[in-house]
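Asks: The following block contains the structure, expressed as structure tokens.
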Amino acid sequence: MRTKRCAPLAALLAFAAAASPAGAWPFRDASFVRLLRGSGYGMLQYEEAAWLVLGPDGTESLVHWPPPDRENGQRWRGPLPTGTVALLHTHPADRPPRPSVLDQDVASRLRLPVYTISRWAIYRADPDGTVALVRSRYWTPTIDWALADRENPSGRDASRSGEGSSSGTSPGMEASDR
Ligand SMILES: [Zn+2]
């Protein structure tokens with residue numbers, strides 16, 4: 001920012017971020033998958049975490065956090081790796097996929113985006129306090145039941161009684177029929 005030479009690069013990066021469709025960052029997409037696999041496909045009560053590092057040649061790599069200990073979970077000791085541009089970590093499937101208040105606090109303190117990766121979605125908490133849904137080629141939208149129930153308070157009950165079924169068809173079976 002101090003020199004004019006930096007301006008075009010900054011502008012280019014800003015454009016890339018704004019215009020990046022899902023899949024525009026193959027390494028990040030692959031990293032999201034790799035980290036989620038490492039947490040039992042998001043089903044274990046175990047979070048994988050890694051720093052996303054940008055090398056001098058512009059290539060991205062991951063620096064994985066050490067495995068969590070039994071009591072304290074994950075912890076990174078020492079300085080951040082050189083070139084760190086973001087923190088990536090997984091959330092178990094039974095936890096909210098969005099960044100927690102602590103995640104947002106970490107983003108603010110580190111002045112780095114913090115990504116949360118779960119089976120349901122990927123989110124990014126930015127240092128300025130905003131939280132954004134991150135698109136990735138491997139994640140397709142899933143239903144937001146909290147929103148659906150809020151905007152359709154009687155929808156589920158009405159449709160169930162309208163089916164006239166006394167057998168109590170499970171949602172899973174219903175879904176497989178379609
Ligand atoms: Zn988190």
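Letters for chains follow the order of the structure tokens (A, B, ...), residue numbers begin at 1 for each chain, and ligand numbers begin at 1 in the order shown.
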Which chain A residues have any atom within 7 Å of an atom of ligand 1, and for each, what is the nearest pair of atoms with distance in Å to one decimal, counting only C-alpha atoms and all ligand atoms, rows sorted by chain and number, as a tab-separated table?
Replies:
```
residue	atom	partner	partner_atom_place_in_ligand_line	distance
A:His89	CA	ligand 1	1 (Zn)	6.5
A:Thr90	CA	ligand 1	1 (Zn)	6.8
A:His91	CA	ligand 1	1 (Zn)	6.0
A:Pro99	CA	ligand 1	1 (Zn)	5.3
A:Ser100	CA	ligand 1	1 (Zn)	5.5
A:Asp103	CA	ligand 1	1 (Zn)	5.1
A:Thr116	CA	ligand 1	1 (Zn)	5.8
```
Asks: Grab the residues selected above and save them as a PDB file, in the first residue's frame with N, CA and C atoms.
Replies:
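Just written: selection01.pdb:
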```pdb
ATOM      1  N   HIS A  89     -10.385 -24.596  10.336  1.00  0.00           N
ATOM      2  CA  HIS A  89     -10.635 -25.673  11.290  1.00  0.00           C
ATOM      3  C   HIS A  89     -12.025 -26.233  11.086  1.00  0.00           C
ATOM      4  N   THR A  90     -12.193 -27.464  11.566  1.00  0.00           N
ATOM      5  CA  THR A  90     -13.464 -28.147  11.360  1.00  0.00           C
ATOM      6  C   THR A  90     -14.362 -27.986  12.579  1.00  0.00           C
ATOM      7  N   HIS A  91     -15.658 -28.137  12.338  1.00  0.00           N
ATOM      8  CA  HIS A  91     -16.647 -28.218  13.411  1.00  0.00           C
ATOM      9  C   HIS A  91     -17.349 -29.568  13.300  1.00  0.00           C
ATOM     10  N   PRO A  99     -19.053 -19.848  12.519  1.00  0.00           N
ATOM     11  CA  PRO A  99     -17.995 -19.530  13.486  1.00  0.00           C
ATOM     12  C   PRO A  99     -18.595 -19.146  14.844  1.00  0.00           C
ATOM     13  N   SER A 100     -17.984 -19.675  15.892  1.00  0.00           N
ATOM     14  CA  SER A 100     -18.435 -19.348  17.239  1.00  0.00           C
ATOM     15  C   SER A 100     -17.975 -17.936  17.595  1.00  0.00           C
ATOM     16  N   ASP A 103     -14.353 -18.089  17.766  1.00  0.00           N
ATOM     17  CA  ASP A 103     -13.739 -18.052  16.435  1.00  0.00           C
ATOM     18  C   ASP A 103     -13.649 -16.615  15.912  1.00  0.00           C
ATOM     19  N   THR A 116     -14.534 -22.008   9.191  1.00  0.00           N
ATOM     20  CA  THR A 116     -15.090 -23.176   9.874  1.00  0.00           C
ATOM     21  C   THR A 116     -15.633 -24.131   8.820  1.00  0.00           C
TER      22      THR A 116
END
```
Asks: Give me, as a tab-separated table, each residue of range 54-161 of chain A that comes within 12 Å of range 30-40 of chain A, together with its shortest interatomic pair and the distance in Å at one decimal, counting only C-alpha atoms, with rows ordered by chain and rising residue number.
Replies:
```
residue	atom	partner	partner_atom	distance
A:Glu60	CA	A:Ser31	CA	10.0
A:Ser61	CA	A:Ser31	CA	8.8
A:Leu62	CA	A:Ser31	CA	7.7
A:Val63	CA	A:Ser31	CA	10.8
A:His64	CA	A:Leu35	CA	9.2
A:Trp65	CA	A:Leu35	CA	10.8
A:Pro67	CA	A:Gly38	CA	10.5
A:Pro68	CA	A:Ser39	CA	11.4
A:Leu87	CA	A:Phe32	CA	11.3
A:Leu88	CA	A:Phe32	CA	7.9
A:His89	CA	A:Leu35	CA	7.2
A:Thr90	CA	A:Leu36	CA	6.2
A:His91	CA	A:Leu36	CA	8.4
A:Pro92	CA	A:Ser39	CA	7.7
A:Ala93	CA	A:Ser39	CA	10.0
A:Tyr115	CA	A:Phe32	CA	9.1
A:Thr116	CA	A:Phe32	CA	9.0
A:Ile117	CA	A:Phe32	CA	6.4
A:Ser118	CA	A:Leu36	CA	6.8
A:Arg119	CA	A:Leu36	CA	7.6
A:Trp120	CA	A:Leu36	CA	11.0
A:Ala121	CA	A:Phe32	CA	10.2
A:Ile122	CA	A:Phe32	CA	8.2
A:Tyr123	CA	A:Phe32	CA	10.9
A:Val134	CA	A:Phe32	CA	10.8
A:Arg135	CA	A:Phe32	CA	11.0
A:Ser136	CA	A:Phe32	CA	8.6
A:Arg137	CA	A:Ala30	CA	9.6
A:Tyr138	CA	A:Val33	CA	7.9
A:Trp139	CA	A:Val33	CA	9.5
```
Asks: Quick one: pull the distance between CA of Arg95 in chain A and CA of Leu80 in chain A, Å, one decimal.
Replies: 26.8 Å
Asks: Return as a VMD selection string the full set of residues in range 40-75 of chain A whose backbone-based DSSP assignment is strand (DSSP E or B).
Replies: chain A and resid 49 to 54 60 to 64 69 73
Asks: How would the residues just chosen look if you wrote them out with C-alpha atoms as a PDB file, in the first residue's frame?
Replies:
```pdb
ATOM      1  CA  ALA A  49      -7.028 -27.251  12.307  1.00  0.00           C
ATOM      2  CA  ALA A  50      -4.381 -25.879  10.003  1.00  0.00           C
ATOM      3  CA  TRP A  51      -2.848 -22.603   8.991  1.00  0.00           C
ATOM      4  CA  LEU A  52      -3.271 -21.678   5.352  1.00  0.00           C
ATOM      5  CA  VAL A  53       0.111 -20.388   4.275  1.00  0.00           C
ATOM      6  CA  LEU A  54       0.977 -18.448   1.156  1.00  0.00           C
ATOM      7  CA  GLU A  60      -0.707 -22.165  -0.875  1.00  0.00           C
ATOM      8  CA  SER A  61       0.049 -24.892   1.632  1.00  0.00           C
ATOM      9  CA  LEU A  62      -1.252 -26.142   4.959  1.00  0.00           C
ATOM     10  CA  VAL A  63       0.600 -26.217   8.254  1.00  0.00           C
ATOM     11  CA  HIS A  64      -1.374 -28.632  10.405  1.00  0.00           C
ATOM     12  CA  ASP A  69      -4.704 -33.295  23.927  1.00  0.00           C
ATOM     13  CA  GLY A  73      -8.385 -29.631  22.806  1.00  0.00           C
TER      14      GLY A  73
END
```
Asks: Using Å and a single decimal, report how far CA of Pro56 in chain A sits from CA of Ser108 in chain A.
Replies: 24.9 Å
